[in-house]
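*Asks:* This structure is in structure tokens; I'll ask about it shortly.
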Amino acid sequence: MGPLPRTVELFYDVLSPYSWLGFEILCRYKNIWNVHLQLRPSLIAGIMKSSGNKPPALVPSKGKYLTNDIKLLGQHVQVPIRIPKDFFSVILEKGSLSAMRFLTAVNMEHPEMLEKVSRELWMRVWSRDEDITEPGSILAAAEKAGMSTEGARALLEKISTPQVKNQLKETTEAACKYGAFGLPVTVAHLDGQTQMLFGSDRMELLAYLLGEKWMGPVPSAVSARL
Amino acid sequence: MGPLPRTVELFYDVLSPYSWLGFEILCRYKNIWNVHLQLRPSLIAGIMKSSGNKPPALVPSKGKYLTNDIKLLGQHVQVPIRIPKDFFSVILEKGSLSAMRFLTAVNMEHPEMLEKVSRELWMRVWSRDEDITEPGSILAAAEKAGMSTEGARALLEKISTPQVKNQLKETTEAACKYGAFGLPVTVAHLDGQTQMLFGSDRMELLAYLLGEKEASALKPSTALPGAVESASDMREFLHPGEKWMGPVPSAVSARL
């Protein structure tokens, strides 16, 4: 038997497009590298508040740059990301509180569904410019991911319970304790040390730290470990 | 004869550690990829002012993160980068005005020396925690890069002339016109379009934009379930490949 897999935590919020890019890259590599990927649904709004940081798009030239950067990265990483028509409203007004509470509940009761439900929420807001704040929107994403309507409804009812609210708060605080000032944050638990990496553009560095091979953001399927 | 080399501009300031990382990666690839690398000495302070952005280290958790990020990237990119003891003083108080004016003058009169002199200035401030603001410091860097003392002194005298001051201003403004809010900024002049990329961590994306990697990396089946095929899947047939081989490409791949 080989060495034990290293734990890699990914803190993310479906409101964050760069989180989606990092998420898809890690989902591809989790079956190639000797790692145990732990998805950590978090609230980017909470992280911004805690750290005193601000969404980058608030600097006009940054905002303009980001929309093009996201488009190019979407092509390179092969993720069908499209900027919503009312970008600022989606990020600054509508937010992702219910969605991230829902994913928190999914993680607590059906963790095997977390990846798919997360993806369907991103597909709504960051590919098809659809709402993710209304109960109906969240249910639609859950069903598209393969959850039953009853199962999804049951979880939706739990999103306003103290347990779910507190769990999301705790996960978000954990990201802050690692030093997060935005998302996505990847935490690699290496031999004897922990490294926190910010951004979807630190995956090649992660490979270097893990001693694993980087084969670009879309690794060839033939290299997948059986 | 193959296709014409594409022009890649690199706007940088020796005050910026991430500029150093981007600079070294592009200097390695300029002899591997079919590109013409044009170095553009700029003033990061001017870009910040123009864009209304602020140095990232002013957010405490960002500052803490950056110091570790720079250290890790230095190892990965194999650049001997070390955070200066008084980081804030170096960046916010001492700055790089004279150094970048000097590099501007080098670029105007001895462009073949620009790469080496730039590197020696970075080695001073971002590896050995040495000053780059005093005339003596700048001369030492120029000499270490291979300039004669007389040649370096002559250039140093020109840094306060209107021509040099204006050239640095123009280059900095050019970066701002491309949309810069920080440095390094890489501008790729592709067939019919220009792409501006920010940061030392966009070089793999640059390789993608300049051409394609092996066809196997682009199969839609390895992408998202239900991902729409895009025009980019056709690129492998339109452009010769520019390969990304990590930040320290193997010397055997160098084009002769």
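Residue numbering restarts at 1 for every chain of the structure tokens, chains are lettered A, B, ... in their displayed order, and ligands are numbered from 1 as they appear.
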Can you build me a table of chain A residues sitting at most 6 Å from chain B, with the closest atom pair per residue and its distance in Å to one decimal, using only C-alpha atoms, sorted by chain and residue number, as a Markdown table?

*Replies:*
```
| residue | atom | partner | partner_atom | distance |
| --- | --- | --- | --- | --- |
| A:Ser61 | CA | B:Gly179 | CA | 5.9 |
| A:Gln78 | CA | B:Ala223 | CA | 5.7 |
| A:Gly179 | CA | B:Ser61 | CA | 5.9 |
| A:Ser220 | CA | B:Ala217 | CA | 5.7 |
```

*Asks:* Identify all residues of range 73-102 of chain B in alpha helix (DSSP H) (DSSP on the backbone) and supply them as a list of chain:residue names.

*Replies:*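 Restricting range 73-102 of chain B to alpha helix (DSSP H) produces B:Leu73, B:Gly74, B:Gln75, B:His76, B:Val77, B:Phe87, B:Phe88, B:Leu97, B:Ser98, B:Ala99, B:Met100, B:Arg101, B:Phe102.
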
*Asks:* For a test of reading the model, state the distance in Å between CA of Gln163 in chain A and CA of Ala45 in chain A, rounded to one decimal.

*Replies:*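 CA of Gln163 in chain A sits 19.5 Å away from CA of Ala45 in chain A.
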
*Asks:* For the strand (DSSP E or B) assignment from backbone DSSP, which residues of range 122-197 of chain A qualify? Please present them as an NGL selection string.

*Replies:* :A and (185-190 or 193-197)

*Asks:* Write out, as a PDB file, in the first residue's frame, the residues just selected, with N, CA and C atoms.

*Replies:*
```pdb
ATOM      1  N   VAL A 185     -10.478  29.257  -1.572  1.00  0.00           N
ATOM      2  CA  VAL A 185      -9.294  28.995  -0.761  1.00  0.00           C
ATOM      3  C   VAL A 185      -9.079  27.491  -0.725  1.00  0.00           C
ATOM      4  N   THR A 186      -7.882  27.083  -1.058  1.00  0.00           N
ATOM      5  CA  THR A 186      -7.497  25.677  -1.031  1.00  0.00           C
ATOM      6  C   THR A 186      -6.520  25.490   0.119  1.00  0.00           C
ATOM      7  N   VAL A 187      -6.803  24.541   0.996  1.00  0.00           N
ATOM      8  CA  VAL A 187      -5.898  24.291   2.111  1.00  0.00           C
ATOM      9  C   VAL A 187      -5.318  22.887   1.948  1.00  0.00           C
ATOM     10  N   ALA A 188      -4.004  22.821   1.796  1.00  0.00           N
ATOM     11  CA  ALA A 188      -3.330  21.532   1.618  1.00  0.00           C
ATOM     12  C   ALA A 188      -2.686  21.128   2.932  1.00  0.00           C
ATOM     13  N   HIS A 189      -3.048  19.939   3.379  1.00  0.00           N
ATOM     14  CA  HIS A 189      -2.465  19.410   4.621  1.00  0.00           C
ATOM     15  C   HIS A 189      -1.303  18.503   4.238  1.00  0.00           C
ATOM     16  N   LEU A 190      -0.111  19.086   4.341  1.00  0.00           N
ATOM     17  CA  LEU A 190       1.092  18.368   3.937  1.00  0.00           C
ATOM     18  C   LEU A 190       1.739  17.775   5.179  1.00  0.00           C
ATOM     19  N   GLN A 193       2.789  20.359   7.871  1.00  0.00           N
ATOM     20  CA  GLN A 193       2.437  21.766   7.709  1.00  0.00           C
ATOM     21  C   GLN A 193       1.185  21.902   6.858  1.00  0.00           C
ATOM     22  N   THR A 194       0.573  23.054   7.024  1.00  0.00           N
ATOM     23  CA  THR A 194      -0.651  23.377   6.298  1.00  0.00           C
ATOM     24  C   THR A 194      -0.354  24.577   5.412  1.00  0.00           C
ATOM     25  N   GLN A 195      -0.755  24.508   4.149  1.00  0.00           N
ATOM     26  CA  GLN A 195      -0.574  25.652   3.262  1.00  0.00           C
ATOM     27  C   GLN A 195      -1.921  26.118   2.757  1.00  0.00           C
ATOM     28  N   MET A 196      -2.178  27.411   2.866  1.00  0.00           N
ATOM     29  CA  MET A 196      -3.410  27.998   2.336  1.00  0.00           C
ATOM     30  C   MET A 196      -3.061  28.697   1.029  1.00  0.00           C
ATOM     31  N   LEU A 197      -3.804  28.381  -0.027  1.00  0.00           N
ATOM     32  CA  LEU A 197      -3.591  28.992  -1.339  1.00  0.00           C
ATOM     33  C   LEU A 197      -4.879  29.684  -1.761  1.00  0.00           C
TER      34      LEU A 197
END
```

*Asks:* Do you have the CA of Glu112 in chain A-CA of Pro5 in chain A distance handy?

*Replies:*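 Answer for the CA of Glu112 in chain A to CA of Pro5 in chain A separation: 18.7 Å.
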
*Asks:* For each of B:Asn107, B:Gln193, B:Ser89, B:Gln38, take the minimum atom-to-atom distance to Asp129 in chain B, counting only C-alpha atoms, then give the residue where this is smallest.

*Replies:*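 For Asp129 in chain B, the nearest of the given residues is B:Ser89.
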
*Asks:* If we count only C-alpha atoms, what is near Leu97 in chain A at a cut-off of 12 Å, once residues fewer than 6 positions away on the same chain are taken out, given as JSON, numbers by chain?

*Replies:* {"A": [13, 14, 15, 41, 42, 43, 44, 45, 46, 91, 103, 104, 132, 133, 134, 135, 138, 159, 160, 164, 165, 168, 169, 172]}

*Asks:* Distance CA of Arg124 in chain A-CA of Ala141 in chain A, one decimal place?

*Replies:* 7.5 Å

*Asks:* Calculated over only C-alpha atoms, which of the candidates B:Val35, B:Leu121, B:Ala45, B:Val187 has the smallest distance to Ala174 in chain B?

*Replies:*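 Of B:Val35, B:Leu121, B:Ala45, B:Val187, the one nearest Ala174 in chain B is B:Val187, counting only C-alpha atoms.
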
*Asks:* Using only C-alpha atoms, which of the listed residues (B:Gly95, B:Gly211, B:Gly74, B:Gly192) sits closest to Leu21 in chain B?

*Replies:*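 Result for the nearest residue to Leu21 in chain B: B:Gly74.
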